[in-house]
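In what follows, a single structure is set out as structure tokens and then discussed.
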Amino acid sequence: MTWTVLPEPYDSAVATALWRAYYTEVSDRWYLLHEGRRTDPDELEREIAKQPGADLVPPRGQLLVARYGGEPAGTAGVRLLDATTAELTRVFVRGPMRGKGGAPLLVRAAEDAARALGAARMVLDTRGDLVEARALYARLGYRETAPYNDDPYAEHWFSRRLA
């Protein structure tokens with residue numbers, strides 16, 4: 001089986017299904033940790049709809065979809081924050097596809113997309129409970145940095161120069 005990573009419209013059926021899977025997982029994880037319950041279904045629908053990904057389109061962004069053996073397996077997005085800084089977002093690999101090398105492949109493809117958009121630096125934020133994500137970013141050369149946004153769920157911020 002092989003991986004492919006290609007641009008995908010943010011509103012395609014594949015991208016929409018992966019966004020739903022990603023958001024459901026991270027939201028449920030937060031609620032289970034902090035409130036001992038899963039996300040309320042109505043709240044989940046509202047929050048997914050509020051962030052469709054319309055900013056992940058050229059010329060200021062890009063959404064990528066990874067497929068493993070042709071099956072949609074994950075996503076990564078980039079959006080320009082300014083002329084030289086891109087933000088990495090929506091990095092996600094479906095559970096059954098994890099551990100097969102897709103996440104680093106997605107991040108590297110997102111870095112290439114950011115360079116193509118003119119970025120010289122990539123930034124991202126994540127939560128403390130997403131330890132797997134933090135470990136991935138550290139392994140790929142991202143360093144913790146000062147906050148660059150005021151996202152209420154962000155607890156760790158990372159940055160990496162794109163050479």
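Note on naming: chains are A, B, ... as they come in the structure tokens, residues start from 1 per chain, ligands start from 1 in the order shown.
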
For A:Leu117: contacts at 9 Å, only C-alpha atoms, fewer than 3 positions along chain excluded, given as a list of chain:residue names: A:Pro58, A:Pro59, A:Arg60, A:Gly61, A:Gln62, A:Arg79, A:Leu80, A:Ala83, A:Thr84, A:Ala86, A:Asp112, A:Ala113, A:Ala114

Export N, CA and C atoms of the chosen residues as a compact mmCIF listing (two decimals), in the first residue's frame?
# COMPACT_ATOMS: atom_id res chain seq x y z
N PRO A 58 -6.30 28.40 -2.58
CA PRO A 58 -5.36 29.33 -3.20
C PRO A 58 -6.05 30.65 -3.52
N PRO A 59 -5.37 31.75 -3.49
CA PRO A 59 -3.92 31.87 -3.38
C PRO A 59 -3.40 32.05 -1.96
N ARG A 60 -4.29 31.95 -0.95
CA ARG A 60 -3.85 32.19 0.43
C ARG A 60 -3.86 30.94 1.29
N GLY A 61 -4.23 29.80 0.74
CA GLY A 61 -4.28 28.58 1.51
C GLY A 61 -4.37 27.35 0.64
N GLN A 62 -4.37 26.19 1.29
CA GLN A 62 -4.46 24.93 0.56
C GLN A 62 -4.88 23.84 1.53
N ARG A 79 -2.71 27.99 5.71
CA ARG A 79 -3.27 29.29 5.33
C ARG A 79 -2.24 30.36 5.68
N LEU A 80 -2.11 31.33 4.80
CA LEU A 80 -1.18 32.42 5.05
C LEU A 80 -1.74 33.34 6.12
N ALA A 83 2.48 37.72 4.61
CA ALA A 83 3.18 37.41 3.36
C ALA A 83 4.21 36.29 3.49
N THR A 84 4.74 36.07 4.69
CA THR A 84 5.80 35.07 4.83
C THR A 84 5.53 34.01 5.89
N ALA A 86 2.89 31.02 7.28
CA ALA A 86 1.73 30.16 7.06
C ALA A 86 1.41 29.43 8.36
N ASP A 112 5.52 22.08 1.84
CA ASP A 112 5.74 22.37 0.42
C ASP A 112 4.67 23.32 -0.11
N ALA A 113 3.42 23.08 0.27
CA ALA A 113 2.32 23.95 -0.15
C ALA A 113 2.52 25.36 0.40
N ALA A 114 2.97 25.48 1.65
CA ALA A 114 3.21 26.79 2.25
C ALA A 114 4.33 27.52 1.50

From A:Arg115, A:Arg46, A:Arg94, A:His156, residue lying nearest A:Ala135 [only C-alpha atoms]: A:His156

Strand (DSSP E) per DSSP on the backbone: members of stretch 8-159 of chain A, as a ChimeraX atom specification: /A:61-68,71-80,85-93,121-126,143-145,156-159

Need the shell around stretch 13-26 of chain A: protein/DNA/RNA residues with any atom at most 7 Å away, counting only C-alpha atoms. Skip same-chain ones fewer than 5 positions apart. Format as a PDB file with N, CA, C and O atoms, in the first residue's frame?
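Output below, filename around-v8.pdb:
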ATOM      1  N   GLU A   8      -7.125  19.178  -2.382  1.00  0.00           N
ATOM      2  CA  GLU A   8      -8.535  18.774  -2.437  1.00  0.00           C
ATOM      3  C   GLU A   8      -9.375  20.003  -2.107  1.00  0.00           C
ATOM      4  O   GLU A   8      -9.048  20.751  -1.186  1.00  0.00           O
ATOM      5  N   ILE A  48     -18.763  22.460  13.603  1.00  0.00           N
ATOM      6  CA  ILE A  48     -18.266  21.994  12.307  1.00  0.00           C
ATOM      7  C   ILE A  48     -18.691  22.975  11.214  1.00  0.00           C
ATOM      8  O   ILE A  48     -17.888  23.359  10.360  1.00  0.00           O
ATOM      9  N   PRO A  72      -9.364   7.553   1.388  1.00  0.00           N
ATOM     10  CA  PRO A  72      -9.122   8.796   2.131  1.00  0.00           C
ATOM     11  C   PRO A  72      -8.705   8.493   3.571  1.00  0.00           C
ATOM     12  O   PRO A  72      -9.384   7.755   4.286  1.00  0.00           O
ATOM     13  N   GLY A  74      -6.502  11.072   5.597  1.00  0.00           N
ATOM     14  CA  GLY A  74      -6.136  12.186   6.451  1.00  0.00           C
ATOM     15  C   GLY A  74      -6.075  13.503   5.711  1.00  0.00           C
ATOM     16  O   GLY A  74      -6.229  13.555   4.488  1.00  0.00           O
ATOM     17  N   PHE A  92      -4.549  15.580  10.503  1.00  0.00           N
ATOM     18  CA  PHE A  92      -5.360  14.472  11.010  1.00  0.00           C
ATOM     19  C   PHE A  92      -5.153  13.242  10.144  1.00  0.00           C
ATOM     20  O   PHE A  92      -5.105  13.334   8.921  1.00  0.00           O
TER      21      PHE A  92
END

Contacts of A:Gly69 at 10 Å (only C-alpha atoms; same-chain gap of 4+ positions) as a ChimeraX atom specification: /A:1-4,73

Surrounding residues of A:Ala154 excluding itself and chain neighbours under 2 positions, 6 Å, only C-alpha atoms, as a count of residues only: 6

Using only C-alpha atoms: which of A:Glu155, A:Asp55, A:Glu35, A:Arg108 has the shortest distance to A:Gly128: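 Smallest distance to A:Gly128 is found for A:Glu155.
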
Nearby residues (only C-alpha atoms) at most 6 Å from A:Met122, same-chain spacing under 5 positions excluded, as JSON, numbers by chain: {"A": [85, 86, 87, 159, 160]}

Write out the residues from the selection above, keeping all heavy atoms, as a short mmCIF file (atom, residue, chain, number, x, y, z; two decimals), in the first residue's frame.
data_model
loop_
_atom_site.label_atom_id
_atom_site.label_comp_id
_atom_site.auth_asym_id
_atom_site.auth_seq_id
_atom_site.Cartn_x
_atom_site.Cartn_y
_atom_site.Cartn_z
N THR A 85 4.37 34.06 6.54
CA THR A 85 4.05 33.10 7.60
C THR A 85 2.79 32.34 7.25
O THR A 85 1.75 32.94 6.99
CB THR A 85 3.85 33.81 8.95
OG1 THR A 85 5.00 34.60 9.24
CG2 THR A 85 3.63 32.81 10.08
N ALA A 86 2.89 31.02 7.28
CA ALA A 86 1.73 30.16 7.06
C ALA A 86 1.41 29.43 8.36
O ALA A 86 2.29 29.15 9.17
CB ALA A 86 2.01 29.14 5.96
N GLU A 87 0.14 29.12 8.53
CA GLU A 87 -0.31 28.34 9.68
C GLU A 87 -0.69 26.94 9.22
O GLU A 87 -1.42 26.78 8.25
CB GLU A 87 -1.51 29.01 10.35
CG GLU A 87 -1.99 28.26 11.58
CD GLU A 87 -3.16 28.93 12.26
OE1 GLU A 87 -4.06 29.44 11.55
OE2 GLU A 87 -3.17 28.95 13.50
N SER A 159 6.74 26.64 15.87
CA SER A 159 7.19 27.35 14.69
C SER A 159 8.34 26.58 14.05
O SER A 159 9.09 25.88 14.74
CB SER A 159 7.66 28.76 15.09
OG SER A 159 8.17 29.44 13.99
N ARG A 160 8.47 26.73 12.74
CA ARG A 160 9.58 26.12 12.01
C ARG A 160 9.87 26.95 10.78
O ARG A 160 8.96 27.36 10.07
CB ARG A 160 9.22 24.69 11.59
CG ARG A 160 10.34 23.97 10.87
CD ARG A 160 9.96 22.51 10.60
NE ARG A 160 11.06 21.78 10.06
CZ ARG A 160 11.37 21.75 8.78
NH1 ARG A 160 10.69 22.42 7.90
NH2 ARG A 160 12.41 21.04 8.36
#

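If you measure from each of A:Lys50, A:Arg29, A:Arg139, A:Arg67 to A:Pro104 using only C-alpha atoms, the closest one turns out to be A:Arg139.
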
Nearest to A:Trp30, chosen from A:Val93, A:Leu81, A:Ala54, A:Tyr153, with only C-alpha atoms counted in the distances: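 Checking each of A:Val93, A:Leu81, A:Ala54, A:Tyr153 against A:Trp30, counting only C-alpha atoms, the winner is A:Tyr153.
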
Would you mind listing what lies within 12 Å of A:His34 as a CSV table (one decimal) with all heavy atoms, in the first residue's frame, with only C-alpha atoms counted and same-chain residues fewer than 6 positions away left out?
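What ended up in result_20.csv:
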chain,number,residue,atom,x,y,z
A,27,SER,N,-12.9,17.1,19.6
A,27,SER,CA,-13.9,17.7,20.5
A,27,SER,C,-14.3,16.7,21.6
A,27,SER,O,-14.3,17.0,22.8
A,27,SER,CB,-15.1,18.1,19.7
A,27,SER,OG,-16.1,18.7,20.5
A,28,ASP,N,-14.5,15.4,21.1
A,28,ASP,CA,-14.9,14.4,22.1
A,28,ASP,C,-13.7,14.2,23.1
A,28,ASP,O,-13.9,14.0,24.3
A,28,ASP,CB,-15.2,13.1,21.4
A,28,ASP,CG,-16.6,13.0,20.9
A,28,ASP,OD1,-17.4,13.9,21.1
A,28,ASP,OD2,-16.9,12.0,20.2
A,129,ASP,N,-3.4,18.1,25.7
A,129,ASP,CA,-3.8,16.7,25.7
A,129,ASP,C,-3.5,16.0,24.4
A,129,ASP,O,-3.5,14.8,24.3
A,129,ASP,CB,-5.2,16.5,26.1
A,129,ASP,CG,-6.2,17.1,25.1
A,129,ASP,OD1,-6.0,18.3,24.8
A,129,ASP,OD2,-7.1,16.4,24.6

Between atom CA of A:Asp11 and atom CA of A:Val78 - distance in Å to one decimal: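 Atom-to-atom, atom CA of A:Val78 to atom CA of A:Asp11, that is 15.2 Å.
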